[in-house]
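> Structure supplied as upload29.tsv; contents: TSV, C-alpha atoms.
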chain	number	residue	atom	x	y	z
A	1	MET	CA	0.00	0.00	0.00
A	2	TYR	CA	2.86	2.37	0.74
A	3	HIS	CA	4.26	2.36	-2.81
A	4	THR	CA	0.98	1.88	-4.68
A	5	ILE	CA	-1.18	4.40	-2.79
A	6	LEU	CA	0.58	6.52	-0.17
A	7	ARG	CA	3.75	7.29	-2.10
A	8	LYS	CA	1.76	8.15	-5.22
A	9	ARG	CA	-0.29	10.64	-3.21
A	10	ILE	CA	2.87	12.12	-1.72
A	11	ARG	CA	4.30	12.64	-5.20
A	12	ASP	CA	1.05	13.95	-6.66
A	13	LYS	CA	0.73	16.54	-3.88
A	14	GLY	CA	4.44	17.42	-3.86
A	15	LEU	CA	4.84	16.76	-0.13
A	16	LEU	CA	8.37	16.79	1.23
A	17	HIS	CA	8.69	13.29	2.66
A	18	GLY	CA	12.42	12.65	3.01
A	19	ALA	CA	15.81	14.32	3.05
A	20	MET	CA	19.10	12.74	2.01
A	21	LEU	CA	22.11	14.40	3.59
A	22	GLU	CA	25.62	13.91	2.23
A	23	LEU	CA	27.41	14.68	5.48
A	24	THR	CA	30.92	14.54	4.01
A	25	TYR	CA	32.80	13.36	0.94
A	26	ARG	CA	35.56	11.86	3.07
A	27	CYS	CA	35.71	8.09	3.15
A	28	ASN	CA	37.74	5.31	4.78
A	29	LEU	CA	37.64	3.23	1.56
A	30	ASP	CA	38.70	4.11	-1.99
A	31	CYS	CA	36.11	2.45	-4.21
A	32	PHE	CA	37.12	2.39	-7.85
A	33	PHE	CA	33.76	3.56	-9.22
A	34	CYS	CA	32.84	6.12	-6.54
A	35	TYR	CA	31.13	9.09	-8.19
A	36	ASN	CA	31.97	11.69	-5.52
A	37	ASP	CA	34.35	14.53	-6.29
A	38	LYS	CA	36.40	14.61	-3.09
A	39	ASN	CA	38.10	17.88	-4.10
A	40	VAL	CA	34.99	20.00	-4.58
A	41	PRO	CA	35.33	23.25	-2.60
A	42	GLY	CA	32.81	24.68	-0.18
A	43	GLU	CA	32.05	25.67	3.41
A	44	PRO	CA	30.66	22.66	5.29
A	45	LEU	CA	27.44	23.05	7.20
A	46	ALA	CA	28.03	23.65	10.90
A	47	PHE	CA	26.38	21.47	13.52
A	48	GLU	CA	24.07	24.34	14.50
A	49	GLU	CA	22.95	24.68	10.88
A	50	TYR	CA	22.08	21.00	10.77
A	51	VAL	CA	20.03	21.39	13.94
A	52	ARG	CA	18.09	24.28	12.37
A	53	LEU	CA	17.56	22.12	9.30
A	54	PHE	CA	16.18	19.30	11.48
A	55	GLU	CA	13.83	21.74	13.20
A	56	ASP	CA	12.54	23.01	9.85
A	57	LEU	CA	12.16	19.51	8.43
A	58	ALA	CA	10.21	18.43	11.51
A	59	ARG	CA	7.84	21.38	11.06
A	60	LEU	CA	7.37	20.29	7.44
A	61	GLN	CA	6.44	16.81	8.76
A	62	VAL	CA	9.28	15.06	6.96
A	63	LEU	CA	9.49	11.40	7.95
A	64	PHE	CA	12.74	9.94	6.56
A	65	LEU	CA	16.21	11.34	7.11
A	66	THR	CA	19.09	9.56	5.36
A	67	PHE	CA	22.75	10.04	6.27
A	68	THR	CA	25.10	9.27	3.40
A	69	GLY	CA	28.39	10.50	1.98
A	70	GLY	CA	31.19	9.76	1.17
A	71	GLU	CA	31.20	7.79	4.36
A	72	PRO	CA	28.75	9.53	6.74
A	73	MET	CA	30.46	8.11	9.81
A	74	ALA	CA	33.61	10.02	8.80
A	75	HIS	CA	31.87	13.27	9.77
A	76	PRO	CA	33.46	14.50	13.02
A	77	ARG	CA	30.06	15.01	14.67
A	78	PHE	CA	28.27	12.02	13.20
A	79	PHE	CA	26.90	10.79	16.51
A	80	ASP	CA	25.82	14.28	17.60
A	81	LEU	CA	23.91	14.62	14.33
A	82	GLY	CA	22.36	11.18	14.75
A	83	ILE	CA	21.21	11.96	18.27
A	84	ALA	CA	19.73	15.29	17.15
A	85	ALA	CA	17.90	13.58	14.29
A	86	ARG	CA	16.45	10.98	16.65
A	87	GLU	CA	15.37	13.67	19.11
A	88	HIS	CA	13.42	15.37	16.32
A	89	GLY	CA	11.52	12.16	15.62
A	90	PHE	CA	12.88	11.21	12.19
A	91	ALA	CA	13.09	7.67	10.90
A	92	VAL	CA	16.84	7.66	10.31
A	93	ARG	CA	18.50	5.61	7.59
A	94	LEU	CA	22.26	5.16	7.35
A	95	ARG	CA	24.04	4.45	4.08
A	96	THR	CA	27.55	3.33	4.84
A	97	ASN	CA	30.28	1.03	3.60
A	98	GLY	CA	30.08	-0.70	7.00
A	99	HIS	CA	33.85	-0.59	7.55
A	100	ALA	CA	33.67	1.46	10.76
A	101	LEU	CA	30.84	-0.52	12.37
A	102	ARG	CA	32.93	-2.57	14.76
A	103	PRO	CA	30.95	-4.05	17.69
A	104	SER	CA	31.49	-1.13	20.07
A	105	VAL	CA	30.65	1.43	17.36
A	106	ALA	CA	27.60	-0.52	16.21
A	107	ALA	CA	26.39	-0.72	19.81
A	108	ARG	CA	26.64	3.05	20.07
A	109	VAL	CA	24.75	3.47	16.79
A	110	LYS	CA	22.00	1.25	18.20
A	111	ALA	CA	21.86	3.07	21.54
A	112	ASP	CA	22.18	6.66	20.34
A	113	ILE	CA	20.53	6.67	16.90
A	114	ASP	CA	18.60	3.40	16.53
A	115	PRO	CA	18.26	3.71	12.73
A	116	VAL	CA	15.33	2.06	10.99
A	117	LEU	CA	17.73	0.79	8.34
A	118	ILE	CA	21.47	0.50	7.74
A	119	GLU	CA	22.43	-0.07	4.12
A	120	MET	CA	25.95	-1.33	3.44
A	121	SER	CA	27.82	-1.91	0.21
A	122	LEU	CA	28.67	-5.42	-0.95
A	123	HIS	CA	30.97	-5.55	-3.97
A	124	GLY	CA	31.41	-9.27	-4.50
A	125	ALA	CA	31.02	-12.75	-3.08
A	126	CYS	CA	34.68	-13.09	-2.09
A	127	ALA	CA	37.49	-10.98	-0.74
A	128	GLU	CA	39.30	-10.87	-4.07
A	129	THR	CA	36.42	-9.12	-5.84
A	130	HIS	CA	35.12	-7.00	-2.98
A	131	ASP	CA	38.56	-5.72	-2.00
A	132	ARG	CA	39.42	-5.09	-5.63
A	133	GLN	CA	36.53	-2.65	-5.93
A	134	THR	CA	37.10	-0.99	-2.54
A	135	ARG	CA	40.87	-0.93	-3.15
A	136	THR	CA	41.20	-1.70	0.56
A	137	PRO	CA	42.65	-5.10	1.55
A	138	GLY	CA	40.69	-6.79	4.32
A	139	SER	CA	37.49	-4.79	3.73
A	140	PHE	CA	35.45	-7.90	2.81
A	141	ALA	CA	36.38	-9.85	5.94
A	142	ARG	CA	35.76	-6.81	8.10
A	143	LEU	CA	32.33	-6.22	6.57
A	144	LEU	CA	31.24	-9.79	7.28
A	145	ASP	CA	32.52	-9.61	10.85
A	146	ASN	CA	30.70	-6.33	11.41
A	147	ILE	CA	27.44	-7.72	10.03
A	148	GLN	CA	27.57	-10.59	12.49
A	149	GLY	CA	27.97	-8.13	15.32
A	150	MET	CA	25.08	-5.99	14.11
A	151	ASN	CA	22.90	-9.07	13.78
A	152	ALA	CA	23.52	-9.78	17.45
A	153	LEU	CA	22.45	-6.23	18.30
A	154	GLY	CA	19.20	-6.56	16.33
A	155	LEU	CA	20.03	-3.79	13.86
A	156	HIS	CA	18.02	-3.85	10.64
A	157	MET	CA	20.36	-4.10	7.64
A	158	ASN	CA	20.37	-4.28	3.87
A	159	LEU	CA	23.20	-5.00	1.48
A	160	VAL	CA	23.42	-2.98	-1.72
A	161	SER	CA	25.59	-3.86	-4.70
A	162	THR	CA	26.43	-2.07	-7.90
A	163	LEU	CA	26.62	-4.52	-10.78
A	164	THR	CA	30.03	-4.34	-12.46
A	165	ALA	CA	32.15	-6.32	-14.87
A	166	TRP	CA	34.15	-7.52	-11.87
A	167	ASN	CA	31.26	-9.06	-9.93
A	168	GLU	CA	28.72	-10.07	-12.59
A	169	THR	CA	29.97	-13.68	-12.57
A	170	GLU	CA	29.32	-13.93	-8.81
A	171	LEU	CA	25.61	-13.08	-8.69
A	172	GLU	CA	24.39	-16.43	-7.40
A	173	ALA	CA	27.15	-16.54	-4.81
A	174	MET	CA	26.37	-13.00	-3.64
A	175	PHE	CA	22.72	-13.89	-3.05
A	176	GLU	CA	23.77	-17.07	-1.26
A	177	LEU	CA	26.07	-15.02	0.95
A	178	ALA	CA	23.23	-12.63	1.78
A	179	ASP	CA	21.04	-15.62	2.62
A	180	ARG	CA	23.61	-16.90	5.08
A	181	LEU	CA	23.99	-13.47	6.60
A	182	GLY	CA	20.20	-13.17	6.86
A	183	VAL	CA	19.99	-9.76	5.16
A	184	ARG	CA	18.31	-8.40	2.07
A	185	LEU	CA	20.46	-7.86	-1.01
A	186	ARG	CA	19.51	-5.48	-3.77
A	187	PHE	CA	21.38	-4.31	-6.84
A	188	GLN	CA	21.62	-0.84	-8.24
A	189	GLY	CA	23.29	0.81	-11.18
A	190	PRO	CA	24.48	1.59	-13.66
A	191	VAL	CA	28.04	2.69	-13.03
A	192	GLY	CA	28.28	6.36	-13.95
A	193	PRO	CA	31.00	8.98	-14.38
A	194	ARG	CA	32.39	10.86	-11.39
A	195	ASP	CA	30.94	14.23	-10.47
A	196	ASP	CA	34.15	15.89	-11.69
A	197	GLY	CA	33.61	14.47	-15.19
A	198	ASP	CA	36.07	11.58	-14.88
A	199	THR	CA	34.70	8.70	-16.97
A	200	SER	CA	37.27	6.08	-15.90
A	201	PRO	CA	34.73	4.15	-13.74
A	202	MET	CA	32.76	3.42	-16.90
A	203	CYS	CA	35.37	0.84	-17.92
A	204	ILE	CA	33.82	-1.67	-15.48
A	205	GLN	CA	30.27	-1.40	-16.76
A	206	PRO	CA	28.78	-4.91	-16.69
A	207	SER	CA	27.76	-6.70	-19.85
A	208	ALA	CA	24.22	-6.98	-21.15
A	209	ALA	CA	24.42	-10.66	-20.27
A	210	GLY	CA	25.20	-9.71	-16.69
A	211	TRP	CA	22.07	-7.58	-16.40
A	212	ALA	CA	20.01	-10.31	-18.05
A	213	ARG	CA	21.32	-12.89	-15.62
A	214	LEU	CA	20.53	-10.62	-12.66
A	215	ARG	CA	16.96	-10.18	-13.87
A	216	GLU	CA	16.65	-13.95	-14.36
A	217	ILE	CA	17.89	-14.67	-10.84
A	218	THR	CA	15.68	-12.08	-9.14
A	219	THR	CA	12.61	-13.22	-11.09
A	220	GLN	CA	13.24	-16.82	-10.11
A	221	ARG	CA	13.77	-15.97	-6.44
A	222	ARG	CA	10.52	-13.99	-6.28
A	223	ALA	CA	8.64	-16.92	-7.81
A	224	GLU	CA	10.16	-19.34	-5.31
A	225	ARG	CA	9.48	-17.10	-2.31
A	226	PRO	CA	6.21	-15.24	-2.91
A	227	GLU	CA	5.92	-14.51	0.82
A	228	ALA	CA	8.95	-12.22	0.69
A	229	PRO	CA	7.73	-8.69	1.52
A	230	THR	CA	8.23	-5.68	-0.71
A	231	LEU	CA	10.68	-2.89	0.01
A	232	ASN	CA	10.47	-1.04	3.29
A	233	PRO	CA	8.78	2.37	3.27
A	234	GLY	CA	11.22	5.06	2.27
A	235	GLU	CA	13.66	2.66	0.67
A	236	ASP	CA	14.72	3.42	-2.89
A	237	CYS	CA	13.19	1.28	-5.58
A	238	ALA	CA	12.29	1.38	-9.21
A	239	PRO	CA	9.11	3.34	-9.98
A	240	PRO	CA	5.74	1.66	-10.37
A	241	ALA	CA	4.90	0.47	-13.85
A	242	ILE	CA	3.78	3.37	-16.07
A	243	GLN	CA	0.55	2.78	-17.94
A	244	SER	CA	0.46	3.71	-21.60
A	245	ASP	CA	-2.45	6.11	-21.05
A	246	ALA	CA	-0.93	7.82	-17.98
A	247	ALA	CA	-1.14	11.59	-18.23
A	248	ASP	CA	0.54	12.68	-15.00
A	249	GLN	CA	2.34	9.71	-13.49
A	250	HIS	CA	5.83	10.27	-12.15
A	251	HIS	CA	8.80	8.27	-13.38
A	252	CYS	CA	10.63	8.92	-10.11
A	253	GLY	CA	10.37	11.15	-7.06
A	254	ALA	CA	12.68	13.89	-8.32
A	255	GLY	CA	11.40	17.23	-7.08
A	256	SER	CA	8.22	15.84	-5.55
A	257	GLU	CA	9.03	14.04	-2.30
A	258	GLU	CA	12.69	14.29	-1.28
A	259	ILE	CA	15.55	16.74	-1.21
A	260	HIS	CA	19.26	16.08	-1.50
A	261	VAL	CA	21.74	18.20	0.48
A	262	ASP	CA	25.48	18.15	-0.12
A	263	PRO	CA	28.06	18.77	2.65
A	264	PHE	CA	28.13	22.49	1.85
A	265	GLY	CA	24.40	23.14	2.21
A	266	ASN	CA	23.51	23.09	-1.49
A	267	VAL	CA	20.01	21.68	-2.02
A	268	PHE	CA	19.11	19.62	-5.10
A	269	PRO	CA	16.00	17.73	-6.29
A	270	CYS	CA	17.85	14.38	-6.15
A	271	LEU	CA	21.27	12.75	-6.11
A	272	HIS	CA	21.82	12.85	-9.88
A	273	LEU	CA	19.75	15.91	-10.81
A	274	ARG	CA	22.18	18.58	-9.67
A	275	TRP	CA	19.99	21.62	-10.30
A	276	PRO	CA	20.73	24.03	-7.42
A	277	ALA	CA	17.61	25.06	-5.55
A	278	GLY	CA	19.26	27.10	-2.83
A	279	ASN	CA	21.82	26.98	-0.04
A	280	LEU	CA	21.19	26.37	3.65
A	281	HIS	CA	23.89	28.83	4.68
A	282	ARG	CA	21.60	31.59	3.40
A	283	GLN	CA	18.05	30.19	3.31
A	284	SER	CA	15.82	27.89	5.31
A	285	ILE	CA	14.73	24.61	3.80
A	286	ALA	CA	11.10	25.73	4.00
A	287	GLU	CA	11.90	28.79	1.89
A	288	ILE	CA	13.82	26.68	-0.63
A	289	TRP	CA	11.20	23.91	-0.85
A	290	ASN	CA	8.23	26.27	-1.14
A	291	HIS	CA	9.67	28.80	-3.56
A	292	ALA	CA	12.55	27.41	-5.63
A	293	PRO	CA	11.33	26.86	-9.22
A	294	VAL	CA	13.79	23.98	-9.66
A	295	PHE	CA	11.45	21.51	-7.96
A	296	ALA	CA	8.61	22.23	-10.39
A	297	ARG	CA	11.05	21.70	-13.27
A	298	ALA	CA	12.21	18.42	-11.74
A	299	ARG	CA	8.62	17.20	-11.26
A	300	GLN	CA	7.82	18.04	-14.86
A	301	LEU	CA	10.95	16.19	-16.01
A	302	SER	CA	9.77	13.13	-14.07
A	303	ILE	CA	6.31	13.32	-15.64
A	304	ASP	CA	7.71	13.86	-19.15
A	305	THR	CA	10.05	10.90	-18.69
A	306	ALA	CA	7.15	8.70	-17.58
A	307	ARG	CA	5.21	9.63	-20.69
A	308	ARG	CA	8.14	8.87	-22.97
A	309	LEU	CA	8.73	5.50	-21.35
A	310	ALA	CA	5.09	4.46	-21.06
A	311	GLY	CA	4.80	0.71	-21.61
A	312	LYS	CA	8.50	0.28	-22.35
A	313	GLN	CA	11.51	-1.07	-20.52
A	314	PRO	CA	14.24	1.58	-20.55
A	315	THR	CA	17.94	0.91	-20.73
A	316	GLN	CA	20.82	3.12	-19.66
A	317	PHE	CA	24.46	2.06	-20.06
A	318	GLY	CA	23.08	-1.44	-20.54
A	319	ALA	CA	21.09	-1.41	-17.29
A	320	PRO	CA	17.33	-2.08	-17.36
A	321	LEU	CA	16.46	1.29	-15.85
A	322	PHE	CA	16.65	4.97	-16.67
A	323	CYS	CA	17.66	7.97	-14.57
A	324	PRO	CA	16.85	11.30	-16.24
A	325	GLY	CA	19.30	13.10	-13.97
A	326	LEU	CA	22.16	10.81	-14.97
A	327	ALA	CA	21.16	11.19	-18.62
A	328	LEU	CA	21.43	14.97	-18.36
A	329	THR	CA	24.78	14.66	-16.59
A	330	CYS	CA	26.08	12.53	-19.43
A	331	GLY	CA	24.91	14.99	-22.07
A	332	SER	CA	21.63	13.45	-23.23
A	333	ASP	CA	18.08	13.69	-21.93
A	334	THR	CA	16.71	11.05	-24.28
A	335	PRO	CA	16.06	7.63	-22.80
A	336	THR	CA	16.79	4.58	-24.88
A	337	THR	CA	14.21	1.84	-24.80
A	338	THR	CA	14.04	-1.81	-25.69
A	339	ARG	CA	11.11	-4.17	-25.98
A	340	THR	CA	7.78	-3.25	-24.43
A	341	GLN	CA	7.87	-4.37	-20.83
A	342	THR	CA	7.17	-2.83	-17.45
A	343	VAL	CA	10.00	-1.92	-15.13
A	344	GLN	CA	10.62	-4.08	-12.06
A	345	PRO	CA	12.95	-3.23	-9.17
A	346	LEU	CA	16.10	-5.34	-9.02
A	347	PHE	CA	15.96	-6.56	-5.45
A	348	PHE	CA	15.07	-9.59	-3.44
A	349	LYS	CA	14.91	-10.09	0.28
A	350	ALA	CA	17.38	-12.86	0.95
A	351	LYS	CA	15.75	-13.92	4.20
A	352	THR	CA	12.87	-12.86	6.40
A	353	ARG	CA	14.93	-13.13	9.55
A	354	ARG	CA	18.52	-12.30	10.39
A	355	GLY	CA	21.02	-14.98	11.30
A	356	SER	CA	24.74	-15.51	11.55
A	357	ILE	CA	27.05	-16.59	8.77
A	358	ARG	CA	28.70	-19.98	9.09
A	359	SER	CA	31.90	-21.07	7.43
A	360	GLY	CA	32.07	-24.04	5.12
Here is the file; what I need is its structure written in the form of structure tokens.


Amino acid sequence: MYHTILRKRIRDKGLLHGAMLELTYRCNLDCFFCYNDKNVPGEPLAFEEYVRLFEDLARLQVLFLTFTGGEPMAHPRFFDLGIAAREHGFAVRLRTNGHALRPSVAARVKADIDPVLIEMSLHGACAETHDRQTRTPGSFARLLDNIQGMNALGLHMNLVSTLTAWNETELEAMFELADRLGVRLRFQGPVGPRDDGDTSPMCIQPSAAGWARLREITTQRRAERPEAPTLNPGEDCAPPAIQSDAADQHHCGAGSEEIHVDPFGNVFPCLHLRWPAGNLHRQSIAEIWNHAPVFARARQLSIDTARRLAGKQPTQFGAPLFCPGLALTCGSDTPTTTRTQTVQPLFFKAKTRRGSIRSG
């Protein structure tokens, strides 16, 4: 009901429902395909400015607050921000590489922030592949150890993977690993250029066969486990299927339900649609949300995209999805389409309960 009824109403009415905050571009890993420009200049938001933002978002009845980065836990006042967000009543989500979540740190996250969801990056089914993408030896073993500790604490976790040429042969093994860990695994993509224009990450785009195999696996797993629930409220997913006669359906939530804030207070309609709406150093979020014309443009782009893709399955860099923001970033606003088919999200809940991983 959330995605079919409530979220549609939120988008139709243009209600601010969530805020994604890039707390910092610093990171304790060095992932090969990371899109962040770590050298971008700017004055970071002060803790007091974040608190004012939380107060304004609470008055606007925003529900979801997502901390991301870079690595959000690399922010020097991460826990202070998490505590403030919890005190203002937000459902907090944490998007992290999981490297810092040792047992004592995870226990503090549970006690101080108690996030509704922690999403961590999985880059392969073995250390060789995972560590190759993070360019950090030992990161795979540490992630698995940390997940076991978080399981014991009762933290709710997801694993998220970007499909690449390096891991596309390990799809079955990655899902099996998630099953043993007792966490949901979902895939995202495609790999895109860095925010500074560097296109080197594009060299590990997966093959069309890799995407086809992923769709085959996820379709089979849904058929075998029809009791598996859909995505949690507020969690990213592919948009609902667009009907061919839809006049005002949205392709995505750009400009209609969530804002994206970079470490320097710049506000955008979404992660990939970098149209500046305002800056929190100079304006309140209420002023930006209610008066910046960028959000109306973003909503119209979403509607126009839905119309152009009605009844079709889009493709972008070989992936069975389409992001209009990424298309604009790459110099084209025209989606490519393949055979007529509705879009389905590439995810599957690996298990309905959490457990511990066993060797062997």

> Can you build me a table of range 146-201 of chain A residues sitting at most 10 Å from range 11-34 of chain A, with the closest atom pair per residue and its distance in Å to one decimal, using only C-alpha atoms, sorted by chain and residue number, as CSV?


residue,atom,partner,partner_atom,distance
A:Thr162,CA,A:Phe33,CA,9.3
A:Thr164,CA,A:Phe33,CA,9.3
A:Val191,CA,A:Phe33,CA,6.9
A:Gly192,CA,A:Phe33,CA,7.8
A:Pro193,CA,A:Phe33,CA,8.0
A:Arg194,CA,A:Cys34,CA,6.8
A:Asp195,CA,A:Cys34,CA,9.2
A:Thr199,CA,A:Phe33,CA,9.3
A:Ser200,CA,A:Phe33,CA,8.0
A:Pro201,CA,A:Phe33,CA,4.7

> So what do you get for CA of Thr305 in chain A versus CA of Pro269 in chain A, distance-wise?

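Here the two named atoms are 15.4 Å from each other.
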
> Could you check which of A:Leu53, A:Cys203, A:Leu171, A:Leu185 is closest to Glu216 in chain A, using only C-alpha atoms?

A:Leu171

> Find the distance between CA of Pro263 in chain A and CA of Ala46 in chain A and write it in Å to one decimal.

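One can read the CA of Pro263 in chain A to CA of Ala46 in chain A distance as 9.6 Å.
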
> Quick one, how far is CA of Glu168 in chain A from CA of Thr136 in chain A?

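These two atoms are separated by 20.0 Å.
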
> Within 10 Å of Leu144 in chain A, counting only C-alpha atoms, which residues qualify if same-chain residues fewer than 3 places away don't, as an mmCIF file with C-alpha atoms, keeping the file's coordinate frame?


data_model
loop_
_atom_site.group_PDB
_atom_site.id
_atom_site.type_symbol
_atom_site.label_atom_id
_atom_site.label_comp_id
_atom_site.auth_asym_id
_atom_site.auth_seq_id
_atom_site.Cartn_x
_atom_site.Cartn_y
_atom_site.Cartn_z
ATOM 1 C CA GLY A 98 30.080 -0.700 7.000
ATOM 2 C CA HIS A 99 33.850 -0.590 7.550
ATOM 3 C CA LEU A 122 28.670 -5.420 -0.950
ATOM 4 C CA SER A 139 37.490 -4.790 3.730
ATOM 5 C CA PHE A 140 35.450 -7.900 2.810
ATOM 6 C CA ALA A 141 36.380 -9.850 5.940
ATOM 7 C CA ILE A 147 27.440 -7.720 10.030
ATOM 8 C CA GLN A 148 27.570 -10.590 12.490
ATOM 9 C CA GLY A 149 27.970 -8.130 15.320
ATOM 10 C CA MET A 150 25.080 -5.990 14.110
ATOM 11 C CA LEU A 177 26.070 -15.020 0.950
ATOM 12 C CA LEU A 181 23.990 -13.470 6.600
ATOM 13 C CA SER A 356 24.740 -15.510 11.550
ATOM 14 C CA ILE A 357 27.050 -16.590 8.770
#

> Using only C-alpha atoms, determine which residues lie at most 12 Å from Gly154 in chain A, disregarding the query and same-chain residues fewer than 3 positions distant; provide the list as a list in words.

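Listed by chain and then number, they are Ala106, Ala107, Val109, Lys110, Ala111, Asp114, Pro115, Val116, Leu117, Ile118, Ile147, Gln148, Gly149, Met150, Asn151, Met157, Gly182, Val183, Arg353, Arg354, Gly355 and Ser356 of chain A.
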
> Between A:His156, A:Arg308, A:Arg59, A:His130, which one has atoms that come closest to Met174 in chain A, using only C-alpha atoms?

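Under the stated criterion, the closest residue is A:His130.
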
> Measuring between all atoms listed in the file, which one of A:Asn39, A:Gln205, A:Asn167, A:Thr96 shows the shortest distance to Phe317 in chain A?

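Closest to Phe317 in chain A, using all atoms listed in the file: A:Gln205.
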
> Would you mind listing what lies within 12 Å of Arg77 in chain A as JSON, numbers by chain, with only C-alpha atoms counted and same-chain residues fewer than 2 positions away left out?

{"A": [23, 24, 45, 46, 47, 48, 50, 51, 72, 73, 74, 75, 79, 80, 81, 82, 83, 84]}

> Using all atoms listed in the file for the distances, tell me which of A:Thr68, A:Gln249, A:Ser161, A:Ser302 is nearest to Val92 in chain A.

A:Thr68

> With distances taken over all atoms listed in the file, which residue among A:Met202, A:Leu159, A:Val40, A:Ala173 lies nearest Leu94 in chain A?

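Among A:Met202, A:Leu159, A:Val40, A:Ala173, it is A:Leu159 that comes nearest to Leu94 in chain A.
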
> In terms of the shortest atom-to-atom distance over only C-alpha atoms, which of A:His88, A:Ala319, A:Trp166, A:Asn97 is closest to Cys126 in chain A?

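Closest to Cys126 in chain A, using only C-alpha atoms: A:Trp166.
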
> How would range 94-99 of chain A look with all heavy atoms restored, written as a PDB file, in the frame of the given file?


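Heads up, here's the output in selection-v2.pdb:
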ATOM      1  N   LEU A  94      20.820   4.969   7.456  1.00  0.00           N
ATOM      2  CA  LEU A  94      22.260   5.160   7.350  1.00  0.00           C
ATOM      3  C   LEU A  94      22.781   4.388   6.158  1.00  0.00           C
ATOM      4  O   LEU A  94      22.589   3.169   6.071  1.00  0.00           O
ATOM      5  CB  LEU A  94      22.938   4.683   8.640  1.00  0.00           C
ATOM      6  CG  LEU A  94      24.471   4.724   8.684  1.00  0.00           C
ATOM      7  CD1 LEU A  94      24.990   6.141   8.475  1.00  0.00           C
ATOM      8  CD2 LEU A  94      24.957   4.150  10.014  1.00  0.00           C
ATOM      9  N   ARG A  95      23.414   5.088   5.224  1.00  0.00           N
ATOM     10  CA  ARG A  95      24.040   4.450   4.080  1.00  0.00           C
ATOM     11  C   ARG A  95      25.546   4.531   4.256  1.00  0.00           C
ATOM     12  O   ARG A  95      26.126   5.619   4.231  1.00  0.00           O
ATOM     13  CB  ARG A  95      23.607   5.115   2.774  1.00  0.00           C
ATOM     14  CG  ARG A  95      22.145   4.861   2.461  1.00  0.00           C
ATOM     15  CD  ARG A  95      21.747   5.357   1.105  1.00  0.00           C
ATOM     16  NE  ARG A  95      20.395   4.972   0.796  1.00  0.00           N
ATOM     17  CZ  ARG A  95      19.739   5.317  -0.308  1.00  0.00           C
ATOM     18  NH1 ARG A  95      20.355   6.063  -1.222  1.00  0.00           N
ATOM     19  NH2 ARG A  95      18.504   4.922  -0.516  1.00  0.00           N
ATOM     20  N   THR A  96      26.164   3.391   4.454  1.00  0.00           N
ATOM     21  CA  THR A  96      27.550   3.330   4.840  1.00  0.00           C
ATOM     22  C   THR A  96      28.243   2.158   4.163  1.00  0.00           C
ATOM     23  O   THR A  96      27.574   1.227   3.697  1.00  0.00           O
ATOM     24  CB  THR A  96      27.646   3.169   6.383  1.00  0.00           C
ATOM     25  OG1 THR A  96      28.999   2.890   6.772  1.00  0.00           O
ATOM     26  CG2 THR A  96      26.765   2.022   6.871  1.00  0.00           C
ATOM     27  N   ASN A  97      29.561   2.191   4.104  1.00  0.00           N
ATOM     28  CA  ASN A  97      30.280   1.030   3.600  1.00  0.00           C
ATOM     29  C   ASN A  97      30.425  -0.038   4.671  1.00  0.00           C
ATOM     30  O   ASN A  97      30.866  -1.151   4.387  1.00  0.00           O
ATOM     31  CB  ASN A  97      31.641   1.424   3.030  1.00  0.00           C
ATOM     32  CG  ASN A  97      32.530   2.156   4.032  1.00  0.00           C
ATOM     33  OD1 ASN A  97      32.633   1.778   5.191  1.00  0.00           O
ATOM     34  ND2 ASN A  97      33.175   3.223   3.567  1.00  0.00           N
ATOM     35  N   GLY A  98      30.070   0.271   5.910  1.00  0.00           N
ATOM     36  CA  GLY A  98      30.080  -0.700   7.000  1.00  0.00           C
ATOM     37  C   GLY A  98      31.436  -0.937   7.623  1.00  0.00           C
ATOM     38  O   GLY A  98      31.548  -1.690   8.595  1.00  0.00           O
ATOM     39  N   HIS A  99      32.487  -0.288   7.106  1.00  0.00           N
ATOM     40  CA  HIS A  99      33.850  -0.590   7.550  1.00  0.00           C
ATOM     41  C   HIS A  99      34.086  -0.141   8.994  1.00  0.00           C
ATOM     42  O   HIS A  99      34.881  -0.772   9.710  1.00  0.00           O
ATOM     43  CB  HIS A  99      34.842   0.100   6.610  1.00  0.00           C
ATOM     44  CG  HIS A  99      36.225  -0.473   6.643  1.00  0.00           C
ATOM     45  ND1 HIS A  99      36.521  -1.744   6.192  1.00  0.00           N
ATOM     46  CD2 HIS A  99      37.408   0.045   7.081  1.00  0.00           C
ATOM     47  CE1 HIS A  99      37.813  -1.982   6.337  1.00  0.00           C
ATOM     48  NE2 HIS A  99      38.374  -0.927   6.878  1.00  0.00           N
TER      49      HIS A  99
END
